[in-house]
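**Q** This is the content of input03.tsv (TSV, C-alpha atoms):
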```tsv
chain	number	residue	atom	x	y	z
A	266	MET	CA	-24.99	16.57	21.98
A	267	ASN	CA	-25.07	14.53	25.15
A	268	ILE	CA	-22.38	14.38	27.80
A	269	VAL	CA	-20.46	11.46	26.20
A	270	GLU	CA	-20.23	13.29	22.89
A	271	TRP	CA	-18.94	16.41	24.62
A	272	ILE	CA	-16.26	14.37	26.39
A	273	ALA	CA	-15.35	12.64	23.10
A	274	ALA	CA	-15.09	15.98	21.31
A	275	GLY	CA	-12.82	17.31	24.07
A	276	VAL	CA	-10.57	14.22	23.95
A	277	LEU	CA	-10.40	14.34	20.14
A	278	THR	CA	-9.45	18.02	20.21
A	279	LEU	CA	-6.78	17.34	22.81
A	280	GLY	CA	-5.43	14.55	20.58
A	281	ALA	CA	-5.31	16.93	17.63
A	282	VAL	CA	-3.38	19.43	19.79
A	283	PHE	CA	-0.81	16.74	20.56
A	284	TYR	CA	-0.48	15.94	16.85
A	285	LEU	CA	-0.01	19.63	16.11
A	286	ALA	CA	2.62	19.98	18.86
A	287	GLY	CA	4.44	16.89	17.58
A	288	THR	CA	4.45	18.23	14.02
A	289	VAL	CA	5.72	21.64	15.12
A	290	GLY	CA	8.42	19.89	17.15
A	291	LEU	CA	9.39	17.74	14.16
A	292	LEU	CA	9.80	20.84	12.02
A	293	ARG	CA	11.36	23.22	14.54
A	294	PHE	CA	13.59	21.15	16.85
A	295	PRO	CA	17.31	21.40	16.11
A	296	ASP	CA	18.53	17.80	15.79
A	297	VAL	CA	17.42	14.27	14.99
A	298	TYR	CA	17.08	13.12	18.59
A	299	SER	CA	14.86	15.90	19.87
A	300	ARG	CA	12.78	15.69	16.71
A	301	LEU	CA	12.28	11.98	17.30
A	302	HIS	CA	11.37	12.76	20.89
A	303	ALA	CA	8.70	15.25	19.77
A	304	LEU	CA	7.38	12.95	17.08
A	305	THR	CA	7.08	9.70	19.01
A	306	LYS	CA	5.95	11.17	22.34
A	307	ALA	CA	3.32	13.45	20.91
A	308	ASP	CA	2.20	11.00	18.23
A	309	ASN	CA	1.61	8.19	20.68
A	310	LEU	CA	-0.37	10.29	23.12
A	311	GLY	CA	-2.22	11.99	20.24
A	312	LEU	CA	-3.12	8.63	18.72
A	313	LEU	CA	-4.25	7.33	22.11
A	314	LEU	CA	-6.51	10.35	22.68
A	315	VAL	CA	-7.98	10.12	19.16
A	316	CYS	CA	-8.62	6.39	19.65
A	317	VAL	CA	-10.25	7.01	23.06
A	318	GLY	CA	-12.44	9.73	21.54
A	319	LEU	CA	-13.52	7.52	18.63
A	320	GLY	CA	-14.14	4.61	20.99
A	321	LEU	CA	-16.39	6.81	23.15
A	322	LEU	CA	-18.34	7.89	20.07
A	323	ALA	CA	-18.68	4.31	18.80
A	324	ALA	CA	-19.77	3.00	22.25
A	325	ASP	CA	-19.00	-0.55	21.11
A	326	TRP	CA	-16.50	-2.80	22.86
A	327	GLN	CA	-15.58	-4.50	19.56
A	328	VAL	CA	-14.68	-1.20	17.89
A	329	GLY	CA	-12.90	-0.23	21.12
A	330	ALA	CA	-10.77	-3.38	21.00
A	331	LEU	CA	-9.87	-2.68	17.36
A	332	LEU	CA	-8.93	0.92	18.20
A	333	GLY	CA	-6.82	-0.34	21.11
A	334	THR	CA	-5.02	-2.75	18.76
A	335	ILE	CA	-4.39	0.09	16.31
A	336	TRP	CA	-2.86	2.18	19.09
A	337	LEU	CA	-0.63	-0.67	20.27
A	338	LEU	CA	0.58	-1.34	16.70
A	339	GLY	CA	1.22	2.37	16.25
A	340	LEU	CA	3.25	2.39	19.46
A	341	LEU	CA	5.26	-0.61	18.28
A	342	ALA	CA	6.00	0.85	14.85
A	343	ALA	CA	6.89	4.27	16.28
A	344	THR	CA	9.20	2.74	18.91
A	345	VAL	CA	11.14	0.56	16.50
A	346	SER	CA	11.42	3.16	13.74
A	347	ALA	CA	12.55	5.83	16.23
A	348	HIS	CA	15.14	3.37	17.56
A	349	LEU	CA	16.41	2.64	14.05
A	350	ILE	CA	16.59	6.30	13.03
A	351	ALA	CA	18.36	7.30	16.25
A	352	ARG	CA	20.81	4.44	15.84
A	353	HIS	CA	21.44	5.40	12.22
A	354	ALA	CA	22.12	9.01	13.27
A	355	ARG	CA	24.35	7.97	16.18
A	356	HIS	CA	26.53	5.86	13.92
A	357	GLY	CA	27.28	8.98	11.94
A	358	HIS	CA	25.19	8.29	8.87
A	359	GLY	CA	23.27	11.24	7.57
A	360	GLN	CA	23.53	14.68	9.08
A	361	ALA	CA	22.34	14.72	12.66
A	362	THR	CA	22.23	18.47	13.09
A	363	THR	CA	21.32	20.11	9.80
A	364	ASN	CA	17.82	20.31	8.44
A	365	SER	CA	18.52	17.65	5.83
A	366	GLU	CA	15.79	16.02	3.82
A	367	GLU	CA	17.80	12.90	3.14
A	368	SER	CA	18.94	11.09	6.23
B	34	MET	CA	-18.90	19.67	7.64
B	35	ASN	CA	-18.67	16.67	5.30
B	36	LEU	CA	-18.33	19.00	2.33
B	37	ALA	CA	-15.49	20.82	4.11
B	38	ILE	CA	-13.63	17.50	4.63
B	39	ASP	CA	-14.13	16.53	0.99
B	40	ALA	CA	-12.96	19.92	-0.21
B	41	LEU	CA	-9.89	19.66	2.05
B	42	ILE	CA	-9.02	16.21	0.67
B	43	GLY	CA	-9.56	17.35	-2.93
B	44	LEU	CA	-7.45	20.47	-2.48
B	45	GLY	CA	-4.80	18.47	-0.65
B	46	LEU	CA	-4.64	15.96	-3.51
B	47	VAL	CA	-4.07	18.67	-6.11
B	48	ILE	CA	-1.36	20.35	-4.01
B	49	LEU	CA	0.31	17.00	-3.23
B	50	ALA	CA	0.28	16.00	-6.91
B	51	TRP	CA	1.81	19.31	-7.90
B	52	GLN	CA	4.47	19.11	-5.17
B	53	THR	CA	5.28	15.50	-6.07
B	54	ILE	CA	6.27	16.29	-9.63
B	55	SER	CA	7.70	19.77	-9.12
B	56	GLY	CA	9.74	18.92	-6.01
B	57	ARG	CA	13.28	20.08	-5.44
B	58	SER	CA	14.66	16.62	-4.79
B	59	LEU	CA	13.81	13.14	-6.00
B	60	PHE	CA	13.62	11.76	-2.45
B	61	ARG	CA	11.09	14.41	-1.46
B	62	GLY	CA	9.03	13.55	-4.51
B	63	ILE	CA	8.92	9.87	-3.53
B	64	VAL	CA	7.82	10.64	0.03
B	65	LEU	CA	5.16	13.02	-1.25
B	66	PHE	CA	3.98	10.38	-3.71
B	67	VAL	CA	3.36	7.99	-0.81
B	68	VAL	CA	1.46	10.73	1.06
B	69	PHE	CA	-0.52	11.35	-2.14
B	70	GLY	CA	-1.42	7.65	-2.31
B	71	LEU	CA	-2.65	7.60	1.28
B	72	THR	CA	-4.71	10.76	0.74
B	73	MET	CA	-6.10	9.24	-2.46
B	74	ALA	CA	-7.12	6.17	-0.43
B	75	LEU	CA	-9.00	8.52	1.93
B	76	ALA	CA	-10.73	10.07	-1.07
B	77	TRP	CA	-11.78	6.65	-2.42
B	78	ALA	CA	-13.11	5.71	1.01
B	79	ARG	CA	-15.10	8.98	1.16
B	80	MET	CA	-16.56	8.19	-2.28
B	81	GLY	CA	-17.81	4.84	-1.03
B	82	ALA	CA	-15.25	2.67	-2.84
B	83	PRO	CA	-13.47	0.80	-0.01
B	84	ASP	CA	-12.06	-1.80	-2.43
B	85	LEU	CA	-10.24	0.91	-4.35
B	86	ALA	CA	-9.18	2.57	-1.11
B	87	LEU	CA	-7.58	-0.68	0.10
B	88	ALA	CA	-5.87	-1.25	-3.25
B	89	GLU	CA	-4.62	2.34	-3.39
B	90	ALA	CA	-3.23	2.24	0.16
B	91	ALA	CA	-1.61	-1.19	-0.21
B	92	ILE	CA	-0.36	-1.04	-3.81
B	93	GLY	CA	-0.38	2.65	-4.77
B	94	ALA	CA	1.19	3.98	-1.59
B	95	GLY	CA	2.82	0.96	0.06
B	96	VAL	CA	4.36	-1.29	-2.56
B	97	THR	CA	4.96	1.37	-5.21
B	98	GLY	CA	6.55	3.63	-2.59
B	99	ALA	CA	8.86	0.80	-1.50
B	100	LEU	CA	9.80	0.08	-5.14
B	101	MET	CA	10.55	3.78	-5.73
B	102	LEU	CA	12.73	3.97	-2.61
B	103	VAL	CA	14.68	0.92	-3.79
B	104	ALA	CA	15.13	2.51	-7.20
B	105	TYR	CA	16.30	5.72	-5.50
B	106	ARG	CA	18.85	3.77	-3.44
B	107	ARG	CA	20.16	2.13	-6.61
B	108	LEU	CA	20.46	5.53	-8.27
B	109	VAL	CA	22.47	6.89	-5.34
B	110	GLN	CA	24.67	3.79	-5.34
B	111	LEU	CA	25.29	4.02	-9.08
B	112	HIS	CA	26.11	7.73	-9.03
B	113	PRO	CA	27.24	8.62	-5.51
B	114	GLU	CA	29.03	11.77	-6.68
B	115	GLU	CA	26.07	13.44	-8.36
B	116	PRO	CA	22.96	13.70	-6.23
B	117	ALA	CA	19.89	12.27	-7.91
B	118	GLN	CA	17.98	15.31	-9.05
B	119	PRO	CA	14.95	15.46	-11.25
B	120	ASN	CA	15.23	17.09	-14.60
B	121	ARG	CA	14.52	20.73	-13.85
B	122	ARG	CA	14.03	21.84	-17.42
B	123	ARG	CA	10.38	22.54	-18.16
B	124	SER	CA	9.07	21.21	-21.39
B	125	ARG	CA	7.05	23.64	-23.49
B	126	LEU	CA	4.46	20.91	-23.84
B	127	ALA	CA	3.85	20.74	-20.07
B	128	LEU	CA	1.19	23.45	-19.91
B	129	PRO	CA	-0.87	22.28	-22.92
B	130	ILE	CA	-0.75	18.68	-21.66
B	131	ALA	CA	-1.85	19.77	-18.18
B	132	ALA	CA	-4.72	21.82	-19.66
B	133	LEU	CA	-5.80	18.90	-21.86
B	134	ALA	CA	-5.71	16.47	-18.94
B	135	ALA	CA	-7.73	18.86	-16.77
B	136	GLY	CA	-10.27	19.28	-19.58
B	137	LEU	CA	-10.53	15.52	-20.02
B	138	VAL	CA	-11.10	14.98	-16.29
B	139	ALA	CA	-13.73	17.73	-16.24
B	140	VAL	CA	-15.60	16.30	-19.26
B	141	ILE	CA	-15.56	12.73	-17.91
B	142	GLY	CA	-16.54	13.91	-14.43
B	143	LEU	CA	-19.43	16.01	-15.70
B	144	GLY	CA	-20.53	13.14	-17.95
B	145	ALA	CA	-20.46	10.68	-15.05
B	146	VAL	CA	-22.40	13.03	-12.78
B	147	SER	CA	-25.09	13.78	-15.35
B	148	ALA	CA	-25.41	10.18	-16.63
B	149	GLU	CA	-28.86	8.63	-16.25
B	150	ARG	CA	-29.37	5.09	-14.98
B	151	GLU	CA	-30.61	2.96	-17.83
B	152	PRO	CA	-32.10	-0.50	-17.30
B	153	GLY	CA	-29.65	-2.21	-19.64
B	154	MET	CA	-26.47	-0.88	-18.00
B	155	ALA	CA	-23.77	-3.44	-17.18
B	156	GLY	CA	-23.51	-2.35	-13.55
B	157	LEU	CA	-27.21	-2.86	-12.88
B	158	ALA	CA	-27.15	-6.21	-14.69
B	159	VAL	CA	-24.26	-7.33	-12.45
B	160	MET	CA	-26.11	-6.29	-9.31
B	161	SER	CA	-29.23	-8.21	-10.35
B	162	GLU	CA	-27.32	-11.39	-11.20
B	163	LEU	CA	-24.93	-11.21	-8.27
B	164	ALA	CA	-27.17	-13.27	-5.98
B	165	ASP	CA	-26.81	-16.33	-8.25
B	166	THR	CA	-23.01	-16.32	-7.95
B	167	GLY	CA	-22.95	-16.67	-4.16
B	168	LEU	CA	-20.63	-13.67	-3.89
B	169	GLY	CA	-21.67	-10.70	-1.76
B	170	ASN	CA	-19.05	-8.29	-3.06
B	171	PRO	CA	-19.87	-6.99	-6.56
B	172	ILE	CA	-16.19	-6.13	-7.18
B	173	THR	CA	-15.11	-9.73	-6.70
B	174	GLY	CA	-18.13	-10.84	-8.74
B	175	VAL	CA	-17.05	-8.71	-11.68
B	176	LEU	CA	-13.38	-9.69	-11.32
B	177	LEU	CA	-13.92	-13.45	-11.17
B	178	LYS	CA	-17.35	-14.18	-12.64
B	179	PHE	CA	-18.35	-11.59	-15.20
B	180	ARG	CA	-15.02	-10.30	-16.52
B	181	ASN	CA	-12.68	-13.10	-15.48
B	182	LEU	CA	-10.73	-13.08	-18.75
B	183	ASP	CA	-9.61	-9.54	-17.88
B	184	THR	CA	-8.48	-10.69	-14.45
B	185	LEU	CA	-6.63	-13.67	-15.91
B	186	LEU	CA	-4.81	-11.35	-18.31
B	187	GLU	CA	-4.00	-8.93	-15.44
B	188	VAL	CA	-2.20	-11.75	-13.68
B	189	ALA	CA	-0.42	-12.56	-16.93
B	190	VAL	CA	0.57	-8.89	-17.33
B	191	LEU	CA	2.06	-8.87	-13.83
B	192	LEU	CA	4.14	-11.94	-14.70
B	193	ALA	CA	5.21	-10.35	-17.99
B	194	ALA	CA	6.23	-7.19	-16.12
B	195	PHE	CA	8.37	-9.25	-13.77
B	196	LEU	CA	10.00	-11.09	-16.70
B	197	ALA	CA	10.75	-7.76	-18.37
B	198	ALA	CA	12.23	-6.37	-15.16
B	199	ARG	CA	14.29	-9.55	-14.79
B	200	THR	CA	16.19	-8.81	-17.98
B	201	VAL	CA	17.34	-5.55	-16.38
B	202	PHE	CA	18.52	-6.84	-13.03
B	203	ALA	CA	19.81	-10.20	-14.23
B	204	ASP	CA	23.53	-9.41	-14.20
B	205	GLU	CA	23.58	-6.45	-11.88
B	206	GLU	CA	25.65	-6.45	-8.73
B	207	LYS	CA	23.53	-7.05	-5.66
B	208	SER	CA	23.26	-4.22	-3.20
B	209	PRO	CA	24.75	-5.14	0.17
B	210	THR	CA	22.08	-5.98	2.70
B	211	PRO	CA	22.30	-4.43	6.15
B	212	PRO	CA	23.95	-6.52	8.84
B	213	ARG	CA	21.63	-8.15	11.27
B	214	GLY	CA	21.83	-9.74	14.68
B	215	ASP	CA	22.63	-6.58	16.63
B	216	LEU	CA	19.16	-5.07	16.26
B	217	PRO	CA	17.11	-6.68	19.02
B	218	LEU	CA	14.05	-4.50	18.53
B	219	VAL	CA	13.72	-5.45	14.86
B	220	GLY	CA	13.44	-9.14	15.71
B	221	ALA	CA	10.70	-8.38	18.22
B	222	LEU	CA	8.89	-6.19	15.70
B	223	LEU	CA	9.01	-8.93	13.05
B	224	ALA	CA	7.81	-11.54	15.54
B	225	ILE	CA	4.68	-9.47	16.14
B	226	ILE	CA	4.12	-7.86	12.75
B	227	ILE	CA	4.64	-10.85	10.43
B	228	PRO	CA	1.91	-13.10	11.93
B	229	LEU	CA	-0.47	-10.12	12.11
B	230	THR	CA	0.23	-9.20	8.47
B	231	ILE	CA	-0.42	-12.76	7.32
B	232	LEU	CA	-3.65	-12.72	9.35
B	233	VAL	CA	-4.73	-9.48	7.68
B	234	ALA	CA	-3.86	-10.82	4.22
B	235	VAL	CA	-5.85	-14.03	4.73
B	236	HIS	CA	-8.73	-12.01	6.16
B	237	LEU	CA	-8.73	-9.71	3.12
B	238	LEU	CA	-8.69	-12.77	0.86
B	239	LEU	CA	-11.60	-14.53	2.58
B	240	ALA	CA	-13.56	-11.34	3.16
B	241	GLY	CA	-13.19	-10.49	-0.52
B	242	SER	CA	-16.18	-12.65	-1.42
B	243	ARG	CA	-18.57	-10.61	0.75
B	244	GLU	CA	-16.86	-7.38	1.80
B	245	PRO	CA	-14.10	-5.14	0.46
B	246	GLY	CA	-10.95	-7.12	-0.15
B	247	GLY	CA	-9.64	-9.67	-2.61
B	248	ALA	CA	-6.55	-11.26	-4.06
B	249	PHE	CA	-4.82	-8.05	-5.16
B	250	GLN	CA	-5.14	-6.31	-1.80
B	251	ALA	CA	-4.23	-9.47	0.10
B	252	GLY	CA	-1.23	-10.04	-2.18
B	253	ALA	CA	0.03	-6.51	-1.61
B	254	VAL	CA	-0.29	-6.89	2.18
B	255	LEU	CA	1.51	-10.23	2.01
B	256	ALA	CA	4.22	-8.62	-0.12
B	257	ALA	CA	4.80	-6.15	2.72
B	258	CYS	CA	5.84	-9.16	4.83
B	259	GLY	CA	8.44	-10.11	2.23
B	260	VAL	CA	9.71	-6.52	2.02
B	261	LEU	CA	10.17	-6.46	5.82
B	262	LEU	CA	12.03	-9.77	5.74
B	263	ILE	CA	14.33	-8.52	2.96
B	264	LEU	CA	14.97	-5.19	4.70
B	265	SER	CA	15.91	-6.97	7.91
B	266	GLY	CA	18.16	-9.42	6.07
B	267	ARG	CA	16.09	-12.53	6.87
B	268	LEU	CA	15.63	-13.07	3.15
B	269	GLN	CA	18.42	-12.36	0.69
B	270	PRO	CA	18.16	-11.80	-3.04
B	271	ALA	CA	19.56	-14.69	-5.06
B	272	THR	CA	20.55	-14.77	-8.71
B	273	ARG	CA	19.12	-18.21	-9.42
B	274	MET	CA	15.42	-18.94	-9.36
B	275	GLY	CA	14.68	-22.29	-7.80
B	276	LEU	CA	11.51	-24.30	-8.06
B	277	ALA	CA	10.44	-23.04	-4.63
B	278	VAL	CA	10.24	-19.52	-6.07
B	279	GLY	CA	9.34	-20.28	-9.68
B	280	LEU	CA	6.30	-22.44	-8.99
B	281	PRO	CA	4.50	-20.01	-6.63
B	282	LEU	CA	5.35	-17.22	-9.09
B	283	VAL	CA	3.24	-18.77	-11.85
B	284	LEU	CA	0.76	-20.48	-9.51
B	285	GLY	CA	-1.97	-17.86	-9.99
B	286	LEU	CA	-1.82	-17.99	-13.78
B	287	LEU	CA	-1.53	-21.78	-13.73
B	288	VAL	CA	-4.47	-22.46	-11.41
B	289	PHE	CA	-6.69	-19.84	-13.07
B	290	SER	CA	-5.97	-21.25	-16.56
B	291	LEU	CA	-6.40	-24.88	-15.50
B	292	VAL	CA	-9.73	-24.23	-13.77
B	293	GLY	CA	-10.89	-22.19	-16.77
B	294	LEU	CA	-9.87	-24.95	-19.20
B	295	ALA	CA	-11.45	-27.61	-16.99
B	296	ALA	CA	-14.74	-25.74	-17.38
B	297	LEU	CA	-14.33	-26.02	-21.16
B	298	VAL	CA	-13.68	-29.76	-20.93
B	299	MET	CA	-16.75	-30.24	-18.73
B	300	GLY	CA	-18.88	-28.61	-21.40
B	301	ALA	CA	-19.28	-25.19	-19.80
B	302	PRO	CA	-18.04	-21.98	-21.45
B	303	LEU	CA	-14.36	-21.16	-21.07
B	304	LEU	CA	-13.52	-19.76	-17.60
B	305	ALA	CA	-17.02	-20.40	-16.26
B	306	LEU	CA	-16.17	-21.04	-12.63
B	307	PRO	CA	-18.29	-23.72	-11.00
B	308	GLY	CA	-19.10	-23.06	-7.36
B	309	LEU	CA	-17.64	-20.76	-4.77
B	310	TRP	CA	-14.68	-23.00	-3.90
B	311	THR	CA	-13.02	-22.33	-7.29
B	312	VAL	CA	-13.17	-18.61	-6.50
B	313	TYR	CA	-11.34	-19.18	-3.22
B	314	LEU	CA	-8.84	-21.53	-4.90
B	315	ILE	CA	-8.03	-19.05	-7.67
B	316	GLU	CA	-7.91	-16.07	-5.30
B	317	THR	CA	-5.48	-17.91	-2.99
B	318	ALA	CA	-3.20	-18.85	-5.88
B	319	MET	CA	-3.37	-15.31	-7.25
B	320	MET	CA	-2.55	-13.83	-3.84
B	321	ILE	CA	0.59	-15.95	-3.55
B	322	SER	CA	1.74	-15.10	-7.09
B	323	ILE	CA	1.03	-11.37	-6.72
B	324	ALA	CA	2.84	-11.20	-3.38
B	325	LEU	CA	5.88	-13.08	-4.67
B	326	THR	CA	6.07	-11.00	-7.87
B	327	LEU	CA	6.04	-7.77	-5.87
B	328	VAL	CA	8.64	-9.05	-3.40
B	329	LEU	CA	10.96	-10.16	-6.23
B	330	LEU	CA	10.55	-6.76	-7.91
B	331	PHE	CA	11.47	-5.13	-4.58
B	332	ALA	CA	14.47	-7.43	-4.12
B	333	GLY	CA	15.51	-6.77	-7.73
B	334	ALA	CA	16.41	-10.43	-8.08
B	335	SER	CA	15.21	-13.61	-9.74
B	336	GLY	CA	15.26	-15.66	-6.58
B	337	LEU	CA	15.33	-15.54	-2.81
B	338	ARG	CA	17.35	-17.40	-0.23
B	339	ARG	CA	17.46	-17.48	3.52
B	340	GLY	CA	19.64	-14.87	5.17
B	341	ASP	CA	22.91	-15.92	6.79
B	342	SER	CA	22.91	-16.97	10.43
```
In structure tokens, what does this structure look like?

**A**
Amino acid sequence: MNIVEWIAAGVLTLGAVFYLAGTVGLLRFPDVYSRLHALTKADNLGLLLVCVGLGLLAADWQVGALLGTIWLLGLLAATVSAHLIARHARHGHGQATTNSEES
Amino acid sequence: MNLAIDALIGLGLVILAWQTISGRSLFRGIVLFVVFGLTMALAWARMGAPDLALAEAAIGAGVTGALMLVAYRRLVQLHPEEPAQPNRRRSRLALPIAALAAGLVAVIGLGAVSAEREPGMAGLAVMSELADTGLGNPITGVLLKFRNLDTLLEVAVLLAAFLAARTVFADEEKSPTPPRGDLPLVGALLAIIIPLTILVAVHLLLAGSREPGGAFQAGAVLAACGVLLILSGRLQPATRMGLAVGLPLVLGLLVFSLVGLAALVMGAPLLALPGLWTVYLIETAMMISIALTLVLLFAGASGLRRGDS
């Protein structure tokens, strides 16, 4: 493994750690808002790190641009869906505090 | 390393399948079914079948998941007092059926693995004749050149399925659509996502002649556009089907049949497609029909109209 591959492996591992932290937060945090916080924050950074790692491994600006687009679309979808879920919870639909499966 | 990933996906699929059907709640089962579809798409991609992976992700996970969620919402609306729960009673036939299915899969799998390549096999014949068709993707070649009667009938089956579903939701009360106008982020999301989705659908359609893709995948991606527009209230279900909906709905069947019959009139065998342009023409028409059929099934209505405001 050369130096770029080592860096990519490190970045990918860091991304996986963020995904793991986000998942643990989603499962363990007490209410909808903090769960959303854990999910969107950690997911976005995790996705960014995974995309950066894969881009480094590919070493191709075209693949890099595609990965960047994927990250931006992921950001967009996560932002809007988090907004909608938080809004839904704030308006009193679903149970904001219990560990409900149907919200 | 690769073997470990494959084993993880395989094990995950079995666990997901089991959890999907033995889940505590119906909603959980639907979500797990979507996860199962996405994992299945990964498995197809690992097995070198990107066409199937695309179809599984778009249709198996995406559109079917959306249809199931709509059905779940209807169930909750119809019986708000009793939560929609799956039937918990185990049938005595469940275990024998599961054992038989597992045995069948094992026999077919072992047979496929141990099968020898023979010179007269259909797959090899397709690969050797593919160059004459001008298509680079063998899947599209089989769908539109070698087995096009099957494809034509698949489109007809989709239309028949919609007509059958229509008899169910013909006189049912429409579910109220969510209010719109006060959700600024949704408008921005649609403004970015809809053009991109159409771009992806058209790319899948055009790429289908050389690379993975095709009318079914493109139609499913396009249907996602319609689902988004319905969910955000831009499109509303309507009880009457106008010409603007009815014509695109049968366009795929119509164009495919007409081109196939034209070949007969010109002296060629039935459904012998002349040239590459007929493939693109038929695929485009099929994409529109497939997308519209799926959207109408999602809307649970015979027609569509513009949302208020």

**Q** For a quick test of understanding: name the residues of chain A lying within 12 Å of chain B when counting all atoms listed in the file, and present them as a list in words.

**A**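 So the residues of chain A near chain B are Thr334, Ile335, Leu337, Leu338, Gly339, Leu340, Leu341, Ala342, Ala343, Thr344, Val345, Ser346, Ala347, His348, Leu349, Arg352, His353, Ser365, Glu366, Glu367 and Ser368 of chain A.
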
**Q** Put a box with edges along x, y and z around all the listed atoms of stretch 272-284 of chain A, pad it by 4 Å on each side, then give me its centre and sizes in Å, one decimal, as JSON.

**A**
```
{"center_x": -8.4, "center_y": 16.0, "center_z": 21.6, "size_x": 23.8, "size_y": 14.8, "size_z": 17.5}
```

**Q** If we count only C-alpha atoms and set the cut-off at 7 Å, which residues sit around stretch 265-277 of chain B, ignoring sequence neighbours fewer than 3 positions away in its own chain? Please answer as a PDB file with C-alpha atoms, in the frame of the given file.

**A**
```pdb
ATOM      1  CA  THR B 210      22.080  -5.980   2.700  1.00  0.00           C
ATOM      2  CA  PRO B 211      22.300  -4.430   6.150  1.00  0.00           C
ATOM      3  CA  ARG B 213      21.630  -8.150  11.270  1.00  0.00           C
ATOM      4  CA  LEU B 261      10.170  -6.460   5.820  1.00  0.00           C
ATOM      5  CA  LEU B 262      12.030  -9.770   5.740  1.00  0.00           C
ATOM      6  CA  LEU B 280       6.300 -22.440  -8.990  1.00  0.00           C
ATOM      7  CA  PRO B 281       4.500 -20.010  -6.630  1.00  0.00           C
ATOM      8  CA  ALA B 332      14.470  -7.430  -4.120  1.00  0.00           C
ATOM      9  CA  ALA B 334      16.410 -10.430  -8.080  1.00  0.00           C
ATOM     10  CA  SER B 335      15.210 -13.610  -9.740  1.00  0.00           C
ATOM     11  CA  GLY B 336      15.260 -15.660  -6.580  1.00  0.00           C
ATOM     12  CA  LEU B 337      15.330 -15.540  -2.810  1.00  0.00           C
ATOM     13  CA  ARG B 338      17.350 -17.400  -0.230  1.00  0.00           C
ATOM     14  CA  ARG B 339      17.460 -17.480   3.520  1.00  0.00           C
ATOM     15  CA  GLY B 340      19.640 -14.870   5.170  1.00  0.00           C
TER      16      GLY B 340
END
```

**Q** Write out as a VMD selection string which residues come within 12 Å of B:Asn35 when counting all atoms listed in the file, dropping same-chain ones fewer than 4 positions away.

**A** chain B and resid 39 to 42 79 to 80

**Q** What separation in Å, quoted to one decimal, exists between atom CA of B:Val283 and atom CA of B:Val188?

**A**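 One can read the atom CA of B:Val283 to atom CA of B:Val188 distance as 9.1 Å.
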
**Q** List as a PyMOL selection string the protein and nucleic acid residues near B:Gly62, meaning an atom at most 10 Å away when all atoms listed in the file are counted, but skip any in the same chain fewer than 3 places from it.

**A** chain B and resi 49-59+65-68+101+119

**Q** Atom CA of B:Ile92 and atom CA of A:Gln327, how far apart in Å?

**A**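 So the two atoms, atom CA of A:Gln327 and atom CA of B:Ile92, lie 28.1 Å apart.
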
**Q** Could you state the separation of atom CA of B:Glu151 and atom CA of B:Asn181 in Å, given to one decimal place?

**A** 24.2 Å

**Q** As a count of residues only, please: the residues near A:Val317 (cut-off 8 Å, all atoms listed in the file, same-chain neighbours under 2 positions excluded).

**A** 11

**Q** Using all atoms listed in the file, find the one residue out of A:Ala281, A:Leu304, A:Ala354, A:Leu291 that sits nearest to A:Gly318.

**A** A:Ala281

**Q** I'd like the neighbourhood of B:Met319 as a ChimeraX atom specification, where a residue qualifies if any of its atoms comes within 8 Å (using only C-alpha atoms), though same-chain residues fewer than 3 positions away should be ignored.

**A** /B:188,248-249,252,284-286,315-316,322-323

**Q** Please identify all polymer residues lying at most 10 Å from the point (-6.3, 2.1, -4.9) (file coordinates), using all atoms listed in the file, and present the result as JSON, numbers by chain.

**A** {"B": [70, 71, 73, 74, 75, 76, 77, 78, 82, 83, 84, 85, 86, 87, 88, 89, 90, 91, 92, 93, 94, 250]}
